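Everything below belongs to target_25.cif, which stores mmCIF, C-alpha atoms and all ligand atoms.
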```
data_model
#
loop_
_atom_site.label_atom_id
_atom_site.label_comp_id
_atom_site.auth_asym_id
_atom_site.auth_seq_id
_atom_site.Cartn_x
_atom_site.Cartn_y
_atom_site.Cartn_z
CA MET A 1 56.28 -35.02 -24.05
CA LYS A 2 53.86 -37.98 -24.01
CA LYS A 3 53.87 -40.97 -21.68
CA ILE A 4 54.12 -44.07 -23.85
CA GLY A 5 54.26 -47.79 -23.12
CA PHE A 6 55.32 -50.66 -25.38
CA ILE A 7 54.08 -54.15 -24.57
CA GLY A 8 56.48 -56.50 -26.37
CA ILE A 9 59.98 -55.07 -26.79
CA GLY A 10 61.47 -57.61 -29.16
CA LYS A 11 62.99 -57.18 -32.62
CA LEU A 12 60.44 -54.55 -33.65
CA GLY A 13 59.15 -53.12 -30.38
CA LEU A 14 62.44 -52.28 -28.65
CA ASP A 15 63.92 -50.21 -31.50
CA CYS A 16 60.58 -48.45 -32.05
CA ALA A 17 60.28 -47.71 -28.34
CA GLU A 18 63.83 -46.34 -28.31
CA VAL A 19 63.03 -44.04 -31.25
CA MET A 20 59.96 -42.76 -29.36
CA ALA A 21 62.12 -42.35 -26.25
CA GLU A 22 64.21 -39.70 -28.03
CA LYS A 23 61.20 -37.37 -27.70
CA HIS A 24 58.92 -38.96 -25.11
CA GLU A 25 58.86 -40.79 -21.79
CA VAL A 26 58.72 -44.46 -22.79
CA ARG A 27 58.28 -47.62 -20.77
CA GLY A 28 58.58 -51.18 -22.03
CA TYR A 29 57.25 -54.49 -20.76
CA ASP A 30 58.16 -57.94 -22.01
CA ILE A 31 57.74 -61.46 -20.70
CA TYR A 32 61.48 -61.96 -21.32
CA PRO A 33 64.15 -59.86 -19.62
CA ARG A 34 65.06 -56.89 -21.83
CA THR A 35 67.36 -53.95 -21.27
CA SER A 36 67.57 -50.49 -22.78
CA ASP A 37 69.46 -47.27 -22.07
CA THR A 38 66.52 -45.05 -22.97
CA VAL A 39 63.35 -47.09 -22.43
CA LYS A 40 62.41 -47.82 -18.83
CA VAL A 41 61.80 -51.56 -18.68
CA CYS A 42 59.19 -52.16 -15.99
CA ASP A 43 56.39 -54.48 -14.90
CA ILE A 44 53.06 -54.50 -16.70
CA GLU A 45 51.17 -52.76 -13.91
CA GLU A 46 53.50 -49.75 -13.93
CA LEU A 47 53.52 -49.65 -17.73
CA VAL A 48 49.72 -49.65 -17.99
CA ASN A 49 49.18 -47.11 -15.25
CA GLU A 50 51.95 -44.72 -16.18
CA SER A 51 51.25 -44.65 -19.94
CA GLU A 52 48.69 -42.55 -21.80
CA TRP A 53 49.44 -44.44 -25.04
CA ILE A 54 50.00 -48.22 -25.05
CA PHE A 55 51.51 -49.78 -28.17
CA ILE A 56 51.21 -53.56 -28.51
CA ALA A 57 54.13 -55.09 -30.44
CA VAL A 58 53.94 -58.70 -29.29
CA PRO A 59 54.48 -61.59 -31.73
CA THR A 60 51.74 -63.05 -33.89
CA PRO A 61 53.77 -66.16 -34.65
CA HIS A 62 53.38 -68.60 -37.49
CA ALA A 63 53.29 -72.30 -36.68
CA GLU A 64 56.50 -74.35 -36.76
CA GLY A 65 57.62 -74.79 -40.38
CA TYR A 66 55.50 -71.94 -41.74
CA ASP A 67 58.21 -69.26 -42.08
CA GLY A 68 59.27 -70.07 -45.64
CA SER A 69 62.77 -71.34 -44.80
CA VAL A 70 61.70 -74.91 -45.59
CA PRO A 71 59.06 -76.12 -48.08
CA SER A 72 55.54 -75.47 -46.81
CA SER A 73 53.34 -75.07 -49.89
CA HIS A 74 52.20 -78.69 -49.49
CA MET A 75 51.09 -78.08 -45.91
CA GLU A 76 47.67 -77.19 -44.52
CA PRO A 77 47.31 -73.35 -44.44
CA LYS A 78 47.33 -71.89 -40.92
CA ASP A 79 46.58 -68.46 -39.42
CA PHE A 80 49.07 -66.62 -37.21
CA GLY A 81 48.91 -67.15 -33.45
CA HIS A 82 46.95 -64.55 -31.48
CA GLU A 83 47.61 -65.59 -27.88
CA ALA A 84 50.15 -62.85 -27.09
CA VAL A 85 47.90 -60.05 -28.39
CA ILE A 86 44.97 -61.44 -26.39
CA ASP A 87 47.20 -61.65 -23.32
CA ALA A 88 48.34 -58.03 -23.77
CA ILE A 89 44.74 -56.81 -24.09
CA GLN A 90 43.67 -58.75 -21.01
CA LYS A 91 46.55 -57.27 -19.03
CA ILE A 92 45.58 -53.73 -20.08
CA ASN A 93 42.00 -54.45 -18.97
CA LYS A 94 43.22 -55.84 -15.67
CA TYR A 95 45.61 -53.10 -14.64
CA ALA A 96 44.21 -49.92 -16.18
CA LYS A 97 42.64 -47.56 -13.68
CA SER A 98 41.71 -45.02 -16.39
CA SER A 99 41.02 -44.90 -20.10
CA LYS A 100 44.05 -45.69 -22.32
CA LYS A 101 44.88 -45.07 -25.97
CA VAL A 102 45.65 -48.58 -27.18
CA VAL A 103 47.47 -49.05 -30.50
CA LEU A 104 47.98 -52.53 -31.96
CA ILE A 105 51.05 -52.82 -34.19
CA SER A 106 51.33 -56.61 -34.58
CA THR A 107 50.67 -58.07 -38.03
CA VAL A 108 47.39 -59.99 -38.38
CA LEU A 109 45.26 -61.19 -41.28
CA PRO A 110 42.34 -59.01 -42.44
CA GLY A 111 39.30 -59.31 -40.19
CA THR A 112 41.19 -60.51 -37.10
CA THR A 113 41.06 -57.30 -35.05
CA ARG A 114 37.30 -56.90 -35.43
CA ARG A 115 36.58 -60.57 -34.86
CA LYS A 116 39.00 -61.46 -32.11
CA PHE A 117 40.65 -58.48 -30.41
CA PHE A 118 38.37 -55.47 -30.19
CA PRO A 119 35.54 -57.39 -28.46
CA LEU A 120 38.00 -58.29 -25.67
CA LEU A 121 39.13 -54.72 -24.95
CA ASP A 122 37.41 -52.97 -22.05
CA PRO A 123 35.13 -50.33 -23.66
CA GLN A 124 36.64 -47.56 -21.50
CA HIS A 125 39.73 -47.70 -23.73
CA GLN A 126 40.22 -46.15 -27.18
CA PHE A 127 41.70 -48.31 -29.91
CA LEU A 128 43.54 -48.03 -33.24
CA TYR A 129 45.16 -50.64 -35.48
CA ASN A 130 48.50 -49.32 -36.76
CA PRO A 131 50.71 -51.94 -38.44
CA TYR A 132 54.28 -51.00 -39.33
CA LEU A 133 56.14 -51.38 -42.63
CA ILE A 134 59.48 -52.08 -41.04
CA ALA A 135 62.32 -54.35 -42.10
CA MET A 136 64.92 -56.03 -39.93
CA GLY A 137 68.31 -54.31 -40.09
CA SER A 138 66.82 -50.87 -40.55
CA VAL A 139 64.09 -50.75 -37.88
CA LYS A 140 64.95 -47.33 -36.47
CA TRP A 141 65.37 -45.72 -39.89
CA ASP A 142 62.18 -47.33 -41.23
CA MET A 143 60.26 -46.17 -38.17
CA VAL A 144 60.94 -42.50 -38.93
CA ASN A 145 60.98 -42.81 -42.75
CA PRO A 146 57.98 -45.03 -43.54
CA GLU A 147 56.48 -45.24 -47.02
CA MET A 148 53.12 -44.72 -45.33
CA VAL A 149 51.57 -44.85 -41.88
CA MET A 150 48.41 -46.96 -41.79
CA ILE A 151 45.90 -46.02 -39.11
CA GLY A 152 42.82 -48.19 -38.71
CA THR A 153 39.67 -46.97 -37.00
CA ASP A 154 36.39 -48.81 -36.43
CA ASP A 155 34.56 -47.15 -39.35
CA GLY A 156 37.53 -45.99 -41.41
CA ASN A 157 36.96 -42.33 -40.62
CA PRO A 158 39.79 -40.15 -39.33
CA ASN A 159 38.57 -39.78 -35.76
CA ALA A 160 40.11 -37.57 -33.08
CA LEU A 161 42.30 -40.38 -31.76
CA ALA A 162 43.76 -40.99 -35.24
CA GLY A 163 44.54 -37.27 -35.39
CA GLU A 164 46.27 -37.47 -32.01
CA LEU A 165 48.36 -40.43 -33.19
CA ILE A 166 49.39 -38.49 -36.30
CA ASP A 167 50.41 -35.57 -34.08
CA LEU A 168 52.44 -37.99 -31.98
CA TYR A 169 54.19 -39.40 -35.06
CA LYS A 170 54.89 -35.90 -36.35
CA THR A 171 57.20 -35.47 -33.35
CA ILE A 172 59.52 -38.24 -34.61
CA MET A 173 59.09 -38.58 -38.39
CA GLN A 174 61.90 -37.46 -40.71
CA ASN A 175 60.19 -37.87 -44.09
CA ASN A 176 56.77 -36.26 -43.63
CA PRO A 177 55.04 -39.55 -44.54
CA ARG A 178 51.68 -40.24 -46.07
CA TYR A 179 49.00 -41.19 -43.53
CA GLU A 180 46.46 -43.73 -44.79
CA ILE A 181 43.30 -44.01 -42.73
CA GLY A 182 40.99 -46.99 -43.18
CA THR A 183 38.95 -49.45 -41.20
CA TRP A 184 40.90 -51.85 -39.00
CA ASP A 185 40.26 -54.47 -41.67
CA GLU A 186 41.47 -52.21 -44.50
CA CYS A 187 44.70 -51.44 -42.63
CA GLU A 188 45.24 -55.14 -41.93
CA ALA A 189 44.80 -55.67 -45.69
CA MET A 190 47.12 -52.77 -46.67
CA LYS A 191 49.91 -54.19 -44.52
CA ILE A 192 49.65 -57.85 -45.51
CA PHE A 193 49.03 -57.21 -49.23
CA TYR A 194 51.91 -54.70 -49.29
CA ASN A 195 54.17 -57.57 -48.25
CA THR A 196 52.61 -60.09 -50.60
CA PHE A 197 52.77 -57.71 -53.58
CA ILE A 198 56.51 -57.79 -53.03
CA SER A 199 56.47 -61.61 -52.86
CA ALA A 200 54.49 -61.75 -56.12
CA LYS A 201 56.87 -59.31 -57.82
CA VAL A 202 59.94 -61.27 -56.73
CA GLY A 203 58.25 -64.51 -57.81
CA LEU A 204 57.67 -63.07 -61.29
CA VAL A 205 61.21 -61.77 -61.85
CA ASN A 206 62.70 -65.02 -60.55
CA MET A 207 60.46 -66.90 -62.96
CA ILE A 208 62.01 -64.90 -65.82
CA GLN A 209 65.38 -65.99 -64.40
CA ASP A 210 64.27 -69.63 -64.60
CA PHE A 211 63.23 -69.13 -68.23
CA ALA A 212 66.58 -67.44 -68.98
CA LEU A 213 68.43 -70.49 -67.68
CA ARG A 214 66.41 -72.94 -69.72
CA ILE A 215 65.87 -71.07 -72.98
CA GLY A 216 69.34 -69.55 -73.37
CA HIS A 217 70.57 -66.27 -74.91
CA ILE A 218 68.71 -64.34 -72.19
CA ASN A 219 70.28 -62.20 -69.47
CA VAL A 220 67.45 -61.85 -66.97
CA ASP A 221 68.64 -58.31 -66.05
CA VAL A 222 68.15 -57.05 -69.61
CA VAL A 223 64.54 -58.19 -69.42
CA THR A 224 63.71 -57.06 -65.89
CA ASP A 225 65.53 -53.71 -66.27
CA ALA A 226 63.41 -52.98 -69.36
CA LEU A 227 60.29 -53.86 -67.40
CA ALA A 228 61.48 -51.79 -64.43
CA ARG A 229 61.76 -48.77 -66.73
CA SER A 230 58.16 -49.35 -67.92
CA THR A 231 56.60 -46.71 -65.75
CA MET A 232 53.55 -46.25 -67.95
CA ARG A 233 51.78 -49.50 -67.16
CA ILE A 234 53.90 -51.74 -64.94
CA MET A 235 55.74 -49.60 -62.36
CA GLY A 236 52.98 -47.27 -61.40
CA PRO A 237 49.38 -46.95 -60.27
CA LYS A 238 47.89 -48.21 -63.54
CA TYR A 239 45.98 -51.49 -63.14
CA MET A 240 45.66 -50.91 -59.41
CA THR A 241 41.89 -50.43 -59.58
CA ALA A 242 40.02 -53.67 -58.93
CA GLY A 243 37.24 -54.21 -61.45
CA MET A 244 36.77 -56.36 -64.51
CA GLY A 245 39.52 -58.91 -65.19
CA ASP A 246 42.43 -58.57 -67.56
CA ALA A 247 41.16 -58.86 -71.12
CA GLY A 248 41.83 -58.19 -74.77
CA ALA A 249 43.47 -59.57 -77.83
CA CYS A 250 46.87 -60.08 -76.14
CA HIS A 251 46.97 -60.51 -72.37
CA PRO A 252 44.79 -63.60 -71.78
CA ARG A 253 46.20 -65.46 -74.77
CA ASP A 254 49.79 -64.56 -73.81
CA ASN A 255 49.27 -66.12 -70.40
CA ILE A 256 47.57 -69.13 -71.91
CA ALA A 257 50.44 -69.63 -74.38
CA LEU A 258 53.03 -69.17 -71.61
CA ARG A 259 51.47 -72.14 -69.83
CA TRP A 260 52.77 -74.13 -72.80
CA LEU A 261 56.23 -72.57 -72.50
CA ALA A 262 56.42 -73.34 -68.76
CA LYS A 263 55.62 -76.96 -69.58
CA GLU A 264 57.90 -77.13 -72.62
CA TYR A 265 60.90 -75.88 -70.61
CA ASP A 266 59.83 -77.76 -67.52
CA ILE A 267 60.36 -74.87 -65.13
CA GLY A 268 58.49 -76.88 -62.50
CA TYR A 269 55.56 -74.53 -61.81
CA ASP A 270 52.96 -72.65 -63.78
CA LEU A 271 52.21 -69.15 -62.49
CA PHE A 272 50.19 -68.45 -65.64
CA ASP A 273 47.82 -71.28 -64.87
CA THR A 274 47.36 -69.81 -61.39
CA VAL A 275 46.79 -66.31 -62.79
CA MET A 276 44.34 -67.53 -65.43
CA HIS A 277 42.57 -69.81 -62.98
CA ALA A 278 42.14 -66.90 -60.55
CA ARG A 279 40.81 -64.74 -63.42
CA GLU A 280 38.20 -67.37 -64.23
CA ILE A 281 37.08 -67.84 -60.64
CA GLN A 282 36.92 -64.05 -60.19
CA ALA A 283 34.60 -63.93 -63.22
CA ARG A 284 32.51 -66.74 -61.79
CA ASN A 285 32.29 -64.95 -58.41
CA LEU A 286 31.06 -61.81 -60.20
CA ALA A 287 28.52 -63.89 -62.17
CA GLN A 288 27.28 -65.44 -58.93
CA PHE A 289 26.97 -61.96 -57.38
CA LEU A 290 24.83 -60.80 -60.34
CA VAL A 291 22.66 -63.89 -60.09
CA ASP A 292 22.28 -63.39 -56.33
CA LYS A 293 21.20 -59.77 -56.89
CA SER A 294 18.85 -60.62 -59.75
CA ASN A 295 15.79 -61.58 -57.68
CA ASN A 296 14.13 -62.78 -60.89
CA LEU A 297 15.31 -59.72 -62.84
CA PRO A 298 17.03 -60.57 -66.13
CA ILE A 299 20.76 -59.86 -66.36
CA ALA A 300 22.46 -57.52 -68.85
CA ILE A 301 26.12 -56.66 -69.29
CA HIS A 302 26.83 -53.07 -70.28
CA GLY A 303 29.81 -53.53 -72.62
CA LYS A 304 30.63 -56.67 -74.56
CA ALA A 305 33.85 -55.67 -76.32
CA TYR A 306 36.92 -56.17 -74.12
CA LYS A 307 37.06 -52.42 -73.54
CA PRO A 308 35.03 -49.31 -74.44
CA ASP A 309 35.29 -47.55 -77.84
CA VAL A 310 36.49 -50.64 -79.71
CA PRO A 311 34.49 -53.41 -81.39
CA TYR A 312 36.75 -56.30 -80.42
CA CYS A 313 35.11 -59.02 -78.34
CA ILE A 314 38.23 -61.19 -78.46
CA GLY A 315 39.49 -62.05 -74.97
CA SER A 316 36.54 -60.21 -73.41
CA TYR A 317 36.03 -60.53 -69.67
CA SER A 318 32.37 -59.56 -70.18
CA THR A 319 31.74 -62.70 -72.18
CA LEU A 320 33.66 -64.75 -69.61
CA VAL A 321 31.30 -63.42 -66.91
CA GLY A 322 28.39 -64.08 -69.31
CA HIS A 323 29.60 -67.66 -69.74
CA TYR A 324 29.37 -68.24 -65.98
CA ILE A 325 25.97 -66.51 -65.75
CA LYS A 326 24.68 -69.04 -68.28
CA GLU A 327 26.42 -71.88 -66.44
CA LEU A 328 24.49 -70.79 -63.34
CA GLY A 329 21.26 -71.30 -65.31
CA HIS A 330 20.47 -67.69 -66.20
CA SER A 331 20.27 -65.92 -69.52
CA VAL A 332 22.29 -62.81 -70.28
CA VAL A 333 22.17 -60.04 -72.87
CA TYR A 334 24.81 -57.48 -73.76
CA LEU A 335 24.53 -53.77 -74.52
CA ASP A 336 27.27 -52.58 -76.84
CA PRO A 337 26.67 -50.65 -80.07
CA LEU A 338 30.21 -51.36 -81.31
CA ALA A 339 30.57 -55.07 -80.48
CA ASP A 340 31.88 -57.14 -83.41
CA ASP A 341 30.19 -60.27 -82.03
CA PRO A 342 26.41 -59.77 -82.24
CA ALA A 343 25.45 -62.86 -80.21
CA ASP A 344 23.02 -61.89 -77.43
CA VAL A 345 23.56 -58.16 -78.10
CA VAL A 346 20.42 -56.04 -77.74
CA ALA A 347 19.85 -52.37 -78.49
CA GLU A 348 17.37 -51.66 -75.69
CA LEU A 349 16.32 -53.15 -72.37
CA SER A 350 12.63 -53.79 -71.88
CA GLY A 351 11.92 -53.49 -68.18
CA PRO A 352 14.26 -53.51 -65.20
CA HIS A 353 17.44 -55.60 -65.30
CA VAL A 354 20.46 -56.29 -63.18
CA VAL A 355 23.13 -54.47 -65.21
CA LEU A 356 26.85 -55.14 -64.90
CA TRP A 357 28.61 -51.83 -65.67
CA ALA A 358 31.55 -53.53 -67.39
CA HIS A 359 32.89 -50.59 -69.37
CA ASN A 360 34.45 -47.61 -67.66
CA ARG A 361 36.18 -45.57 -70.34
CA LYS A 362 37.62 -43.03 -67.92
CA ILE A 363 39.58 -45.74 -66.10
CA THR A 364 40.56 -47.42 -69.38
CA TYR A 365 41.74 -44.29 -71.16
CA GLU A 366 42.73 -41.76 -68.52
CA TYR A 367 46.45 -42.44 -69.15
CA THR A 368 45.94 -40.84 -72.58
CA GLY A 369 44.49 -37.74 -70.94
CA ASP A 370 40.97 -38.71 -72.03
CA GLN A 371 38.73 -38.31 -69.00
CA LEU A 372 35.27 -38.83 -70.57
CA GLU A 373 32.89 -41.07 -68.63
CA THR A 374 31.08 -44.01 -70.25
CA GLN A 375 27.63 -42.87 -71.34
CA PRO A 376 24.80 -45.44 -71.11
CA TYR A 377 24.47 -47.40 -74.37
CA CYS A 378 20.68 -47.20 -73.99
CA GLU A 379 18.21 -45.94 -71.44
CA ILE A 380 18.52 -48.02 -68.26
CA PRO A 381 14.93 -48.84 -67.21
CA GLN A 382 13.72 -47.58 -63.84
CA GLY A 383 13.88 -50.26 -61.16
CA SER A 384 17.13 -51.68 -62.52
CA VAL A 385 20.05 -52.61 -60.29
CA ILE A 386 23.45 -51.51 -61.59
CA VAL A 387 26.43 -53.49 -60.33
CA ASP A 388 29.49 -51.27 -60.79
CA PRO A 389 32.72 -53.26 -60.44
CA TRP A 390 34.69 -49.99 -60.70
CA ARG A 391 32.77 -48.31 -57.83
CA LYS A 392 32.51 -44.96 -59.63
CA LEU A 393 28.81 -44.56 -60.48
CA VAL A 394 26.82 -42.33 -58.17
CA ASP A 395 23.23 -43.00 -57.10
CA MET A 396 20.67 -42.30 -59.83
CA THR A 397 16.95 -41.71 -59.35
CA GLY A 398 14.95 -44.89 -59.82
CA LEU A 399 18.07 -47.07 -60.05
CA THR A 400 19.96 -48.97 -57.38
CA VAL A 401 23.74 -48.75 -57.71
CA ILE A 402 25.88 -51.39 -55.99
CA HIS A 403 29.62 -50.85 -55.71
CA TYR A 404 31.11 -54.32 -56.12
CA GLY A 405 34.16 -54.64 -53.85
CA ASN A 406 33.10 -52.14 -51.20
CA THR A 407 31.70 -53.94 -48.18
CA ARG A 408 31.99 -51.06 -45.73
CA PRO A 409 28.65 -50.56 -43.99
CA ALA A 410 26.80 -47.62 -45.60
N1 LIG B 1 60.28 -57.73 -37.00
C1 LIG B 1 59.81 -57.03 -38.04
O1 LIG B 1 60.56 -56.63 -38.94
C2 LIG B 1 58.38 -56.67 -38.10
C3 LIG B 1 57.96 -55.72 -39.04
C4 LIG B 1 56.63 -55.36 -39.11
C5 LIG B 1 55.74 -55.99 -38.26
N2 LIG B 1 56.16 -56.92 -37.36
C6 LIG B 1 55.16 -57.51 -36.47
O2 LIG B 1 55.36 -57.02 -35.16
C7 LIG B 1 55.05 -58.03 -34.21
C8 LIG B 1 56.27 -58.26 -33.33
O3 LIG B 1 57.31 -58.73 -34.14
P1 LIG B 1 58.80 -58.89 -33.61
O4 LIG B 1 59.62 -59.21 -34.79
O5 LIG B 1 59.19 -57.73 -32.78
O6 LIG B 1 58.66 -60.19 -32.70
P2 LIG B 1 59.63 -60.64 -31.54
O7 LIG B 1 59.28 -62.05 -31.24
O8 LIG B 1 61.04 -60.29 -31.86
O9 LIG B 1 59.22 -59.70 -30.34
C9 LIG B 1 58.03 -59.83 -29.64
C10 LIG B 1 58.35 -59.60 -28.19
O10 LIG B 1 57.14 -59.76 -27.46
C11 LIG B 1 57.42 -60.50 -26.31
N3 LIG B 1 56.20 -61.17 -25.87
C12 LIG B 1 55.68 -62.34 -26.29
N4 LIG B 1 54.52 -62.58 -25.68
C13 LIG B 1 54.30 -61.53 -24.87
C14 LIG B 1 53.27 -61.20 -23.97
N5 LIG B 1 52.21 -62.00 -23.81
N6 LIG B 1 53.37 -60.04 -23.28
C15 LIG B 1 54.44 -59.22 -23.44
N7 LIG B 1 55.46 -59.49 -24.28
C16 LIG B 1 55.37 -60.62 -24.99
C17 LIG B 1 58.53 -61.45 -26.69
O11 LIG B 1 59.24 -61.87 -25.54
C18 LIG B 1 59.35 -60.60 -27.63
O12 LIG B 1 60.36 -59.89 -26.95
C19 LIG B 1 54.63 -59.26 -35.03
O13 LIG B 1 53.23 -59.26 -35.19
C20 LIG B 1 55.29 -59.02 -36.36
O14 LIG B 1 54.60 -59.67 -37.41
C21 LIG B 1 57.46 -57.25 -37.25
#
```
Go through the file and emit its structure as structure tokens.
Ligand SMILES: NC(=O)c1ccc[n+]([C@@H]2O[C@H](COP(=O)([O-])OP(=O)(O)OC[C@H]3O[C@@H](n4cnc5c(N)ncnc54)[C@H](O)[C@@H]3O)[C@@H](O)[C@H]2O)c1
Amino acid sequence: MKKIGFIGIGKLGLDCAEVMAEKHEVRGYDIYPRTSDTVKVCDIEELVNESEWIFIAVPTPHAEGYDGSVPSSHMEPKDFGHEAVIDAIQKINKYAKSSKKVVLISTVLPGTTRRKFFPLLDPQHQFLYNPYLIAMGSVKWDMVNPEMVMIGTDDGNPNALAGELIDLYKTIMQNNPRYEIGTWDECEAMKIFYNTFISAKVGLVNMIQDFALRIGHINVDVVTDALARSTMRIMGPKYMTAGMGDAGACHPRDNIALRWLAKEYDIGYDLFDTVMHAREIQARNLAQFLVDKSNNLPIAIHGKAYKPDVPYCIGSYSTLVGHYIKELGHSVVYLDPLADDPADVVAELSGPHVVLWAHNRKITYEYTGDQLETQPYCEIPQGSVIVDPWRKLVDMTGLTVIHYGNTRPA
């Protein structure tokens, strides 16, 4: 039996504390009067001193009008409030007479813990970031049947404290959940993007509903049920690897044409414009990254066709990135023996280049069972810098490999 304290026993914290109290000795502290049959509600000094583990479940509130119940998309974006978390940390520092295992549950945006909270915590304490995927109405059930448990450590490695927290959770879990260990920042991102993936999904299906109403002869359920049964590409892990943007003969032009349909039927918003705009800015960001890494080296893109093993350059994300490289005042060449558009395609590289590793045939074709890696289309000269947006290439002698999208310190 462990001695556990919960600071903040509100909508989330109280139920979670009561679940823990079925197996452990649990105290709770709140700035408002709270009662519980199983959690000992006490003052902060007793909670801090009597608890080995201290879970912080205080609010990280949004500003007035930023909860989504009234229109807010026209308003200035604002971060959550952090005062209560800071207050909880300061109280732990003030009252602790020995080292504590401090676990922050409250939802914050990526980067907040490292920037604002950890520096405030007395170094004698140990710390983990452990946000919960819990929904109102089913808090106690969600607590013991989570889809995953996210445990954030400073460097993303599963340290001893993370192991101890897993052992603690094993005493209460009913579904033998998946434990995901990452940096504090990665766990902040897992939690908040989990929620916003759901928002994006709901936004998409409701958009189909809007089209059904305006176009006619469409039952939205027939469409969304067919998509829901599409487990090959839509409802599954495919397309969950960040890398080059969506490309090809169909996807970009479908989105571009749907911008027309959204206007024609006056649905009042244009998600396709947002998606295509984001795709373009993502390509420009990648182009800027290549230019920044070039240090006077010329730039080459390894793969011009929109994917490996085909000649088609239609809808190619490589050429979109190339467009922005040129816009930034640099020249670019492409390596691709199959490309059906020969403009700027070369067969060899003379001297070192910055090389964007655009094609990754294993990622593109692994759903067919084909696991073969992309082989270099020519010899990559020594001294070159390879920017791998798929983060799969390993270090090679004489070449520098940069994994685009991984900013963990080496
Ligand atoms: N409610 C949910 O479904 C849910 C799910 C996942 C994550 N979260 C996150 O958990 C955190 C808590 O959410 P909640 O819904 O329980 O909020 P809540 O407002 O219901 O509860 C927070 C509790 O903390 C108390 N409190 C405020 N300031 C305090 C302080 N300085 N010291 C001690 N206690 C203090 C409040 O009195 C309240 O009882 C938030 O960051 C939220 O985003 C909530």
| Out of A:Ser138, A:Ser36, A:Thr107, A:Thr224, which residue has the shortest atom-to-atom distance to A:Phe80 when counting all atoms listed in the file? | A:Thr107
Report as CSV the residues of chain A within 10 Å of ligand LIG 1 (chain B), each with its shortest atom pair and distance in Å (one decimal), using all atoms listed in the file, ordered by chain and increasing residue number.
```
residue,atom,partner,partner_atom,distance
A:Phe6,CA,B:LIG1,C15,8.8
A:Ile7,CA,B:LIG1,C15,5.2
A:Gly8,CA,B:LIG1,O10,3.5
A:Ile9,CA,B:LIG1,O12,4.8
A:Gly10,CA,B:LIG1,O9,3.3
A:Lys11,CA,B:LIG1,O8,3.7
A:Leu12,CA,B:LIG1,O5,3.5
A:Gly13,CA,B:LIG1,O5,5.2
A:Leu14,CA,B:LIG1,O5,7.6
A:Asp15,CA,B:LIG1,O5,9.0
A:Cys16,CA,B:LIG1,O5,9.4
A:Gly28,CA,B:LIG1,C15,9.2
A:Tyr29,CA,B:LIG1,C15,6.1
A:Asp30,CA,B:LIG1,N7,3.9
A:Ile31,CA,B:LIG1,N7,4.7
A:Tyr32,CA,B:LIG1,O11,4.8
A:Pro33,CA,B:LIG1,O11,7.9
A:Arg34,CA,B:LIG1,O12,7.6
A:Asp43,CA,B:LIG1,C15,10.0
A:Ile44,CA,B:LIG1,C15,8.3
A:Ile56,CA,B:LIG1,C7,8.2
A:Ala57,CA,B:LIG1,C8,4.8
A:Val58,CA,B:LIG1,O10,3.8
A:Pro59,CA,B:LIG1,C19,4.0
A:Thr60,CA,B:LIG1,O13,4.3
A:Pro61,CA,B:LIG1,O13,6.9
A:His62,CA,B:LIG1,O14,9.0
A:Phe80,CA,B:LIG1,O13,8.7
A:Gly81,CA,B:LIG1,O13,9.2
A:His82,CA,B:LIG1,O13,9.0
A:Glu83,CA,B:LIG1,N5,7.1
A:Ala84,CA,B:LIG1,N5,4.0
A:Val85,CA,B:LIG1,N5,6.6
A:Ile86,CA,B:LIG1,N5,7.7
A:Asp87,CA,B:LIG1,N5,5.0
A:Ala88,CA,B:LIG1,N6,5.4
A:Ile89,CA,B:LIG1,N5,9.1
A:Gln90,CA,B:LIG1,N5,9.6
A:Lys91,CA,B:LIG1,N6,8.5
A:Leu104,CA,B:LIG1,O13,9.1
A:Ile105,CA,B:LIG1,O2,6.1
A:Ser106,CA,B:LIG1,O13,3.3
A:Thr107,CA,B:LIG1,O13,4.0
A:Val108,CA,B:LIG1,O13,6.7
A:Asn130,CA,B:LIG1,C5,10.0
A:Pro131,CA,B:LIG1,C5,6.5
A:Tyr132,CA,B:LIG1,C4,5.0
A:Leu133,CA,B:LIG1,C4,5.3
A:Ile134,CA,B:LIG1,C3,4.4
A:Ala135,CA,B:LIG1,O1,4.3
A:Met136,CA,B:LIG1,O1,4.5
A:Gly137,CA,B:LIG1,O1,8.2
A:Ser138,CA,B:LIG1,O1,8.7
A:Val139,CA,B:LIG1,O1,6.9
A:Asp142,CA,B:LIG1,C3,9.6
A:Met143,CA,B:LIG1,C3,9.9
A:Lys191,CA,B:LIG1,C4,8.7
A:Ile192,CA,B:LIG1,C5,9.6
A:Asn195,CA,B:LIG1,C4,9.7
```
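The closest residue to A:Glu379, picked from A:Val149, A:Val321, A:Leu349, A:Leu109 and counting all atoms listed in the file, is A:Leu349.
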| note | Atom pair atom CA of A:Arg27 + atom CA of A:Trp53, distance 10.3 Å
| query | If you measure from atom CA of A:Pro352 to atom CA of A:Ser316, what distance in Å do you get, rounded to one decimal? | reply |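 It comes out at 24.7 Å.
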| Of the candidates A:Thr183, A:Asn176, A:Thr274, A:Asn360, which shows the shortest atom-to-atom distance to A:Thr113, using all atoms listed in the file? | A:Thr183
| Restricting the calculation to only C-alpha atoms, which member of A:Val333, A:Ala242, A:Leu328, A:Ala347 is positioned closest to A:Arg284? |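 Between A:Val333, A:Ala242, A:Leu328, A:Ala347, the residue approaching A:Arg284 most closely is A:Leu328.
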| Using all atoms listed in the file, what residues lie at most 6 Å away from (51.8, -47.9, -19.2) (file coordinates), given as a list of chain:residue names? |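 The distance filter leaves exactly A:Gly5, A:Glu46, A:Leu47, A:Val48, A:Asn49, A:Glu50, A:Ser51.
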